[in-house]
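So the structure is just underneath, and the comments pick up after that.
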Amino acid sequence: MKIWIKLLIGSLVGLAAGFFIPVQAQGFFDSLSGLLVGIGRYALFPFIFFSLGIGTSELRQEKRLLRVYWSVFKYMVLAAGLLIIIGTLSVLVFPPERIPITIESDRAFDAVSVIGGLKKIFPANLFAVFFGSGDFLLPVMMLAFLLGLNLDFDRQLTRPVMQLFDSLSRIFYHLNSLIAELFAVALIAIAAARVSHLSHADLGMYKQIIIILAVDAGVVAFGVFPGALYLLGLKENPYRWLYASIGPAIAGLFTGDHYVSLGILTKHGKESLGVPRMVGSAVYPLFAVLGRAGTAMVATVSFILILRSYSSLEITFLQTLWVMLFSFLVSFILGAMPGNGAFFAIFMLCSLYAKGLQEGYLILRTIAPLLVSFGAFIDILSAAFVSLLVAREENVWTEVETENFI
């Protein structure tokens, strides 16, 4: 059975089961969900470390390094900008009803520190990058990238290390593949835990914002990305890439976790999309920590709704520009939030905007799991889309027959 079918079945079973979980049992299922998400990430950090290291070395040897990374960052910026524009237009053309303001004093997050993040990326003791909490992949990625740059200064001396990196990359790939094959079982409990909170909540006042985000996600997945592929020269069926990416997209939608989805995406990227390791090892981790275009779109739509809810006046052009600009900027500093991306982005926008909106994100706390899921779903598809573009541009793409997709 194909992985995406197993993931879909697990998600649907969990979706149905979530409606029958009593309130008293939610704590247990939340704890179980956290455990299973951790298992989904189990092999990810060492797999990314060794794959990115050897992949960087391969790109440098073939003189593709700067070109590939330039393409990745170019498409990352373009995707974020385009999706923010789509989100902004959707919420301005079809403005949802205002949400009643509730007075709450607690804070769900602490503001992110850019300097603190840089200290984690470049600690005083290099070995400290291996002892993080498991929520910040960028320090490990930076070390792997720097090591990859230095693996070929003397081929004779570094050959054993390159062989070690290559071997361990393949070993952890197989371990990650096993997790991806079995993760459908874990997805039953994870999806049930997420749905159970929504099933006991009153979603009536959020109906319109949910519809807007669902339509936005559908337009991007079935219209924008396939249309872009067609315009960029993929004249054959542009929906094949979507079929190849549906497994990790399902994982992103029902877990909301970028790191779990990253592990599943790397397997689909190689075996369904036909993206080689040297390209996939660069694109997928970067999109997991920096390329949050879908999250930026969700944050834009949500924060504009918060602005409308806190004021009876119409949103001005300058306010709209502010939301678009800062949604774009915030999307690049969410690397340490693999499981709460969109909701944390909204929190950051409220903190930066101030003017009495510091706690404004709390009015959307009820639907936070949905916001996070919509953002992760589009983020994963963005990563798959860009990896295919870059691999085709570099002429290293291998076409996989549809019946051979995993």
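By order in the structure tokens, chains are A, B, ...; within a chain, residues start at 1; ligands start at 1, following the order shown.
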
Among stretch 167-394 of chain A, which ones does DSSP place in alpha helix (DSSP H), written as a PyMOL selection string?
chain A and resi 167-199+207-219+225-231+240-255+258-271+277-289+293-310+317-330+341-353+368-393

Find the residues near stretch 261-277 of chain A: any atom within 8 Å, counting only C-alpha atoms, skip ones fewer than 6 places away on the same chain, and give them as a PyMOL selection string.
chain A and resi 40-41+44+51+55+173+176-177+180+241+244-245+247-249+251-252+284-285+288+380+384+387-388+391+396-400+402+404-406

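For A:Arg194, the set of protein, DNA and RNA residues having any atom at most 8 Å away, when counting only C-alpha atoms and skipping those fewer than 5 positions along the same chain, is Gly18, Asp30, Phe254, Thr255 and Pro369 of chain A.
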
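Using only C-alpha atoms, the shortest contact distance between A:Val330 and any of A:Val386, A:Ile346, A:Leu83, A:Ile39 is found at A:Ile346.
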
Atom pair atom CA of A:Phe183 / atom CA of A:Gly256: separation (Å):
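So the answer is 14.3 Å.
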
Do you have, as a tab-separated table, the list of residues of stretch 263-343 of chain A lying at most 8 Å from stretch 64-72 of chain A, each with its nearest atom pair and that distance in Å to one decimal, counting only C-alpha atoms and ordered by chain then number?
residue	atom	partner	partner_atom	distance
A:Val279	CA	A:Val68	CA	7.4
A:Ala282	CA	A:Tyr69	CA	7.5
A:Val283	CA	A:Val72	CA	6.4

Which residues are near stretch 370-373 of chain A? Cut-off 6 Å, only C-alpha atoms, ignore same chain within fewer than 5 positions. Put them as a ChimeraX atom specification.
/A:253,256,340-342

Near A:Gly218, within 12 Å and counting only C-alpha atoms, which residues show up once chain neighbours fewer than 4 positions away are dropped, as a CSV table (one decimal) with all heavy atoms, in the first residue's frame?
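Saved to result-v4.csv:
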chain,number,residue,atom,x,y,z
A,86,ILE,N,-1.8,36.8,-2.0
A,86,ILE,CA,-3.1,36.0,-2.2
A,86,ILE,C,-3.9,36.0,-0.9
A,86,ILE,O,-5.1,36.3,-0.9
A,86,ILE,CB,-2.7,34.5,-2.6
A,86,ILE,CG1,-2.2,34.5,-4.0
A,86,ILE,CG2,-4.0,33.7,-2.5
A,86,ILE,CD1,-1.7,33.1,-4.4
A,87,GLY,N,-3.2,35.8,0.2
A,87,GLY,CA,-3.9,35.9,1.5
A,87,GLY,C,-4.5,37.2,1.8
A,87,GLY,O,-5.7,37.3,2.3
A,211,ILE,N,-13.2,29.1,6.3
A,211,ILE,CA,-13.6,28.9,4.9
A,211,ILE,C,-12.6,29.7,4.0
A,211,ILE,O,-12.1,29.1,3.0
A,211,ILE,CB,-15.0,29.4,4.6
A,211,ILE,CG1,-16.0,28.5,5.3
A,211,ILE,CG2,-15.3,29.5,3.1
A,211,ILE,CD1,-17.4,28.9,5.2
A,212,ILE,N,-12.2,30.9,4.4
A,212,ILE,CA,-11.3,31.7,3.6
A,212,ILE,C,-9.9,31.0,3.5
A,212,ILE,O,-9.3,30.9,2.5
A,212,ILE,CB,-11.1,33.1,4.2
A,212,ILE,CG1,-12.3,33.9,4.0
A,212,ILE,CG2,-9.9,33.8,3.6
A,212,ILE,CD1,-12.3,35.3,4.7
A,213,LEU,N,-9.4,30.5,4.7
A,213,LEU,CA,-8.1,29.8,4.7
A,213,LEU,C,-8.2,28.5,3.9
A,213,LEU,O,-7.2,28.1,3.2
A,213,LEU,CB,-7.7,29.5,6.1
A,213,LEU,CG,-7.3,30.8,6.9
A,213,LEU,CD1,-7.0,30.4,8.4
A,213,LEU,CD2,-6.0,31.4,6.3
A,214,ALA,N,-9.3,27.8,4.0
A,214,ALA,CA,-9.4,26.5,3.2
A,214,ALA,C,-9.4,26.8,1.7
A,214,ALA,O,-8.8,26.1,0.9
A,214,ALA,CB,-10.7,25.8,3.6
A,222,PHE,N,-4.0,23.7,-5.9
A,222,PHE,CA,-4.5,23.2,-7.1
A,222,PHE,C,-4.5,24.2,-8.3
A,222,PHE,O,-4.7,23.8,-9.4
A,222,PHE,CB,-6.0,22.7,-6.9
A,222,PHE,CG,-6.1,21.6,-6.0
A,222,PHE,CD1,-6.5,21.8,-4.7
A,222,PHE,CD2,-5.9,20.3,-6.4
A,222,PHE,CE1,-6.6,20.7,-3.8
A,222,PHE,CE2,-6.0,19.2,-5.6
A,222,PHE,CZ,-6.3,19.4,-4.2
A,223,GLY,N,-4.2,25.5,-8.0
A,223,GLY,CA,-4.1,26.5,-9.0
A,223,GLY,C,-2.8,27.1,-9.2
A,223,GLY,O,-2.2,27.1,-10.2
A,224,VAL,N,-2.3,27.8,-8.1
A,224,VAL,CA,-1.1,28.6,-8.2
A,224,VAL,C,0.2,27.7,-8.6
A,224,VAL,O,0.9,28.0,-9.5
A,224,VAL,CB,-0.8,29.4,-6.9
A,224,VAL,CG1,0.5,30.1,-7.0
A,224,VAL,CG2,-2.0,30.4,-6.7
A,225,PHE,N,0.4,26.7,-7.8
A,225,PHE,CA,1.6,25.9,-8.0
A,225,PHE,C,1.6,25.1,-9.3
A,225,PHE,O,2.5,25.1,-10.1
A,225,PHE,CB,1.8,24.9,-6.8
A,225,PHE,CG,2.4,25.6,-5.6
A,225,PHE,CD1,2.2,25.1,-4.3
A,225,PHE,CD2,3.1,26.8,-5.7
A,225,PHE,CE1,2.7,25.7,-3.2
A,225,PHE,CE2,3.5,27.5,-4.5
A,225,PHE,CZ,3.4,26.9,-3.3
A,226,PRO,N,0.5,24.4,-9.6
A,226,PRO,CA,0.5,23.7,-10.9
A,226,PRO,C,0.5,24.7,-12.1
A,226,PRO,O,1.2,24.4,-13.1
A,226,PRO,CB,-0.9,23.0,-10.9
A,226,PRO,CG,-1.2,22.8,-9.5
A,226,PRO,CD,-0.7,24.0,-8.8
A,242,LEU,N,1.9,17.2,-7.5
A,242,LEU,CA,1.0,17.2,-6.3
A,242,LEU,C,0.7,15.8,-5.8
A,242,LEU,O,0.6,15.6,-4.6
A,242,LEU,CB,-0.3,18.0,-6.7
A,242,LEU,CG,-1.3,18.2,-5.6
A,242,LEU,CD1,-0.7,19.1,-4.5
A,242,LEU,CD2,-2.6,18.9,-6.1
A,294,GLY,N,3.4,29.4,3.4
A,294,GLY,CA,2.1,29.1,3.8
A,294,GLY,C,1.7,29.7,5.2
A,294,GLY,O,0.7,30.2,5.4
A,374,PHE,N,-3.1,24.5,8.4
A,374,PHE,CA,-3.2,25.1,7.1
A,374,PHE,C,-1.8,25.6,6.7
A,374,PHE,O,-1.4,25.4,5.5
A,374,PHE,CB,-4.2,26.3,7.1
A,374,PHE,CG,-5.6,25.9,7.0
A,374,PHE,CD1,-6.6,26.3,7.9
A,374,PHE,CD2,-6.1,25.0,6.0
A,374,PHE,CE1,-7.9,25.9,7.8
A,374,PHE,CE2,-7.4,24.6,5.8
A,374,PHE,CZ,-8.3,25.1,6.7
A,377,PHE,N,0.6,22.7,5.9
A,377,PHE,CA,0.1,22.0,4.6
A,377,PHE,C,0.7,22.7,3.4
A,377,PHE,O,1.3,22.1,2.5
A,377,PHE,CB,-1.4,22.0,4.6
A,377,PHE,CG,-2.0,21.5,3.3
A,377,PHE,CD1,-1.9,20.1,3.0
A,377,PHE,CD2,-2.5,22.3,2.4
A,377,PHE,CE1,-2.5,19.6,1.8
A,377,PHE,CE2,-3.1,21.9,1.2
A,377,PHE,CZ,-3.0,20.5,0.9
A,378,ILE,N,0.6,24.1,3.4
A,378,ILE,CA,1.1,24.8,2.2
A,378,ILE,C,2.6,24.9,2.3
A,378,ILE,O,3.3,24.9,1.2
A,378,ILE,CB,0.5,26.2,2.2
A,378,ILE,CG1,-1.0,26.1,2.0
A,378,ILE,CG2,1.1,27.1,1.1
A,378,ILE,CD1,-1.5,25.4,0.8
A,381,LEU,N,4.0,21.7,0.7
A,381,LEU,CA,3.8,21.8,-0.8
A,381,LEU,C,4.8,22.7,-1.4
A,381,LEU,O,5.3,22.5,-2.5
A,381,LEU,CB,2.4,22.1,-1.1
A,381,LEU,CG,1.3,21.1,-0.8
A,381,LEU,CD1,-0.1,21.5,-1.2
A,381,LEU,CD2,1.6,19.7,-1.5

Can you build me a table of stretch 129-231 of chain A residues sitting at most 12 Å from stretch 358-367 of chain A, with the closest atom pair per residue and its distance in Å to one decimal, using only C-alpha atoms, sorted by chain and residue number, as a Markdown table?
| residue | atom | partner | partner_atom | distance |
| --- | --- | --- | --- | --- |
| A:Arg194 | CA | A:Ile367 | CA | 10.3 |
| A:Val195 | CA | A:Ile367 | CA | 10.4 |
| A:Ser196 | CA | A:Thr366 | CA | 11.8 |
| A:His197 | CA | A:Thr366 | CA | 8.2 |
| A:Leu198 | CA | A:Ile367 | CA | 7.1 |
| A:Ser199 | CA | A:Thr366 | CA | 10.6 |
| A:His200 | CA | A:Thr366 | CA | 10.0 |
| A:Ala201 | CA | A:Thr366 | CA | 7.0 |
| A:Asp202 | CA | A:Thr366 | CA | 8.3 |
| A:Leu203 | CA | A:Ile367 | CA | 7.8 |
| A:Gly204 | CA | A:Ile367 | CA | 11.0 |
| A:Met205 | CA | A:Leu364 | CA | 10.3 |
| A:Tyr206 | CA | A:Ile367 | CA | 7.7 |
| A:Lys207 | CA | A:Ile367 | CA | 10.1 |
| A:Ile209 | CA | A:Ile367 | CA | 9.8 |
| A:Ile210 | CA | A:Ile367 | CA | 8.6 |
| A:Leu213 | CA | A:Ile367 | CA | 11.7 |

If you count only C-alpha atoms, which residues fall within 12 Å of A:Ala193, apart from same-chain ones fewer than 3 positions away, as a ChimeraX atom specification?
/A:11,13-23,25-37,186-190,196-200,254-255,369

Would you output that residue set with N, CA, C and O atoms, as a compact mmCIF listing (two decimals), in the first residue's frame?
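To be explicit, this is the file written out as selection_27.txt:
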# COMPACT_ATOMS: atom_id res chain seq x y z
N SER A 11 -5.21 9.25 9.12
CA SER A 11 -5.75 10.58 9.42
C SER A 11 -7.27 10.54 9.56
O SER A 11 -7.84 11.15 10.48
N VAL A 13 -9.21 7.94 10.24
CA VAL A 13 -9.59 7.20 11.44
C VAL A 13 -9.43 8.08 12.67
O VAL A 13 -10.29 8.13 13.55
N GLY A 14 -8.29 8.79 12.74
CA GLY A 14 -8.07 9.70 13.86
C GLY A 14 -9.07 10.84 13.89
O GLY A 14 -9.54 11.25 14.95
N LEU A 15 -9.41 11.34 12.70
CA LEU A 15 -10.40 12.41 12.60
C LEU A 15 -11.74 11.96 13.16
O LEU A 15 -12.39 12.69 13.93
N ALA A 16 -12.15 10.77 12.80
CA ALA A 16 -13.43 10.25 13.30
C ALA A 16 -13.36 9.97 14.80
O ALA A 16 -14.30 10.28 15.55
N ALA A 17 -12.24 9.40 15.24
CA ALA A 17 -12.11 9.06 16.66
C ALA A 17 -12.06 10.30 17.54
O ALA A 17 -12.53 10.28 18.69
N GLY A 18 -11.53 11.38 17.01
CA GLY A 18 -11.38 12.60 17.81
C GLY A 18 -12.69 13.16 18.31
O GLY A 18 -12.74 13.82 19.35
N PHE A 19 -13.77 12.91 17.57
CA PHE A 19 -15.08 13.43 17.98
C PHE A 19 -15.67 12.68 19.16
O PHE A 19 -16.64 13.13 19.77
N PHE A 20 -15.09 11.54 19.50
CA PHE A 20 -15.63 10.73 20.59
C PHE A 20 -14.73 10.74 21.83
O PHE A 20 -15.02 10.04 22.80
N ILE A 21 -13.66 11.52 21.79
CA ILE A 21 -12.78 11.60 22.95
C ILE A 21 -13.40 12.53 23.99
O ILE A 21 -13.64 13.71 23.70
N PRO A 22 -13.67 12.07 25.18
CA PRO A 22 -14.24 12.96 26.21
C PRO A 22 -13.22 13.99 26.68
O PRO A 22 -12.00 13.80 26.54
N VAL A 23 -13.73 15.07 27.24
CA VAL A 23 -12.85 16.14 27.71
C VAL A 23 -11.84 15.61 28.73
O VAL A 23 -10.67 16.01 28.73
N ALA A 25 -10.31 12.91 28.85
CA ALA A 25 -9.23 12.12 28.26
C ALA A 25 -8.32 12.93 27.34
O ALA A 25 -7.35 12.39 26.80
N GLN A 26 -8.61 14.22 27.17
CA GLN A 26 -7.82 15.02 26.26
C GLN A 26 -6.36 15.14 26.70
O GLN A 26 -5.45 15.12 25.87
N GLY A 27 -6.13 15.25 27.99
CA GLY A 27 -4.77 15.36 28.49
C GLY A 27 -3.93 14.14 28.11
O GLY A 27 -2.77 14.28 27.70
N PHE A 28 -4.52 12.96 28.25
CA PHE A 28 -3.81 11.73 27.90
C PHE A 28 -3.47 11.71 26.41
O PHE A 28 -2.34 11.38 26.02
N PHE A 29 -4.44 12.06 25.57
CA PHE A 29 -4.19 12.01 24.13
C PHE A 29 -3.21 13.10 23.70
O PHE A 29 -2.44 12.90 22.76
N ASP A 30 -3.21 14.24 24.38
CA ASP A 30 -2.21 15.27 24.08
C ASP A 30 -0.80 14.76 24.40
O ASP A 30 0.15 14.98 23.63
N SER A 31 -0.65 14.09 25.54
CA SER A 31 0.65 13.53 25.91
C SER A 31 1.08 12.44 24.93
O SER A 31 2.24 12.38 24.51
N LEU A 32 0.13 11.59 24.55
CA LEU A 32 0.44 10.54 23.59
C LEU A 32 0.81 11.13 22.24
O LEU A 32 1.76 10.66 21.58
N SER A 33 0.11 12.18 21.84
CA SER A 33 0.42 12.84 20.58
C SER A 33 1.83 13.42 20.60
O SER A 33 2.59 13.30 19.62
N GLY A 34 2.20 14.06 21.71
CA GLY A 34 3.55 14.60 21.83
C GLY A 34 4.62 13.53 21.73
O GLY A 34 5.66 13.72 21.09
N LEU A 35 4.36 12.38 22.36
CA LEU A 35 5.30 11.26 22.28
C LEU A 35 5.45 10.77 20.85
O LEU A 35 6.58 10.54 20.36
N LEU A 36 4.35 10.63 20.13
CA LEU A 36 4.39 10.11 18.77
C LEU A 36 5.02 11.10 17.79
O LEU A 36 5.71 10.70 16.85
N VAL A 37 4.80 12.40 18.01
CA VAL A 37 5.48 13.41 17.20
C VAL A 37 6.99 13.30 17.40
O VAL A 37 7.78 13.40 16.45
N ALA A 186 0.73 6.12 14.04
CA ALA A 186 0.85 7.23 14.99
C ALA A 186 -0.11 8.36 14.65
O ALA A 186 -0.63 9.05 15.53
N LEU A 187 -0.37 8.54 13.34
CA LEU A 187 -1.23 9.64 12.91
C LEU A 187 -2.66 9.49 13.40
O LEU A 187 -3.39 10.48 13.50
N ILE A 188 -3.07 8.26 13.72
CA ILE A 188 -4.41 8.06 14.26
C ILE A 188 -4.57 8.82 15.57
O ILE A 188 -5.53 9.59 15.76
N ALA A 189 -3.62 8.63 16.49
CA ALA A 189 -3.69 9.29 17.79
C ALA A 189 -3.43 10.79 17.68
O ALA A 189 -4.06 11.60 18.36
N ILE A 190 -2.50 11.17 16.81
CA ILE A 190 -2.16 12.59 16.66
C ILE A 190 -3.35 13.37 16.10
O ILE A 190 -3.72 14.44 16.61
N SER A 196 -10.02 16.50 18.73
CA SER A 196 -10.82 16.47 19.95
C SER A 196 -10.99 17.86 20.55
O SER A 196 -12.06 18.19 21.07
N HIS A 197 -9.95 18.69 20.48
CA HIS A 197 -10.06 20.05 21.01
C HIS A 197 -11.05 20.87 20.20
O HIS A 197 -11.83 21.67 20.75
N LEU A 198 -11.05 20.68 18.89
CA LEU A 198 -11.96 21.43 18.04
C LEU A 198 -13.40 20.93 18.19
O LEU A 198 -14.35 21.71 18.09
N SER A 199 -13.56 19.63 18.44
CA SER A 199 -14.91 19.07 18.54
C SER A 199 -15.65 19.57 19.76
O SER A 199 -16.90 19.58 19.78
N HIS A 200 -14.93 20.00 20.79
CA HIS A 200 -15.57 20.50 22.02
C HIS A 200 -15.63 22.03 22.06
O HIS A 200 -16.01 22.61 23.08
N PHE A 254 -2.29 17.18 9.25
CA PHE A 254 -2.87 16.56 10.45
C PHE A 254 -1.95 16.60 11.66
O PHE A 254 -2.41 16.37 12.78
N THR A 255 -0.65 16.87 11.46
CA THR A 255 0.24 17.03 12.62
C THR A 255 0.56 18.49 12.88
O THR A 255 0.80 18.88 14.02
N PRO A 369 -5.02 25.10 16.31
CA PRO A 369 -4.60 23.89 15.58
C PRO A 369 -4.90 23.95 14.08
O PRO A 369 -4.11 23.47 13.26

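Comparing the minimum interatomic distances between A:Leu175 and each of A:Val220, A:Ile99, A:Ala43, A:Leu118, counting only C-alpha atoms, we find that A:Ala43 sits nearest.
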
Residues near A:Gly116, cut-off 12 Å, only C-alpha atoms, skip fewer than 6 positions along chain, as a list in words
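Contacts, in chain order: Phe122, Pro123, Phe136, Pro139, Ile333 and Ala336 of chain A.
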
Work out how far atom CA of A:Gly280 is from atom CA of A:Asn395, in Å to one decimal.
13.7 Å
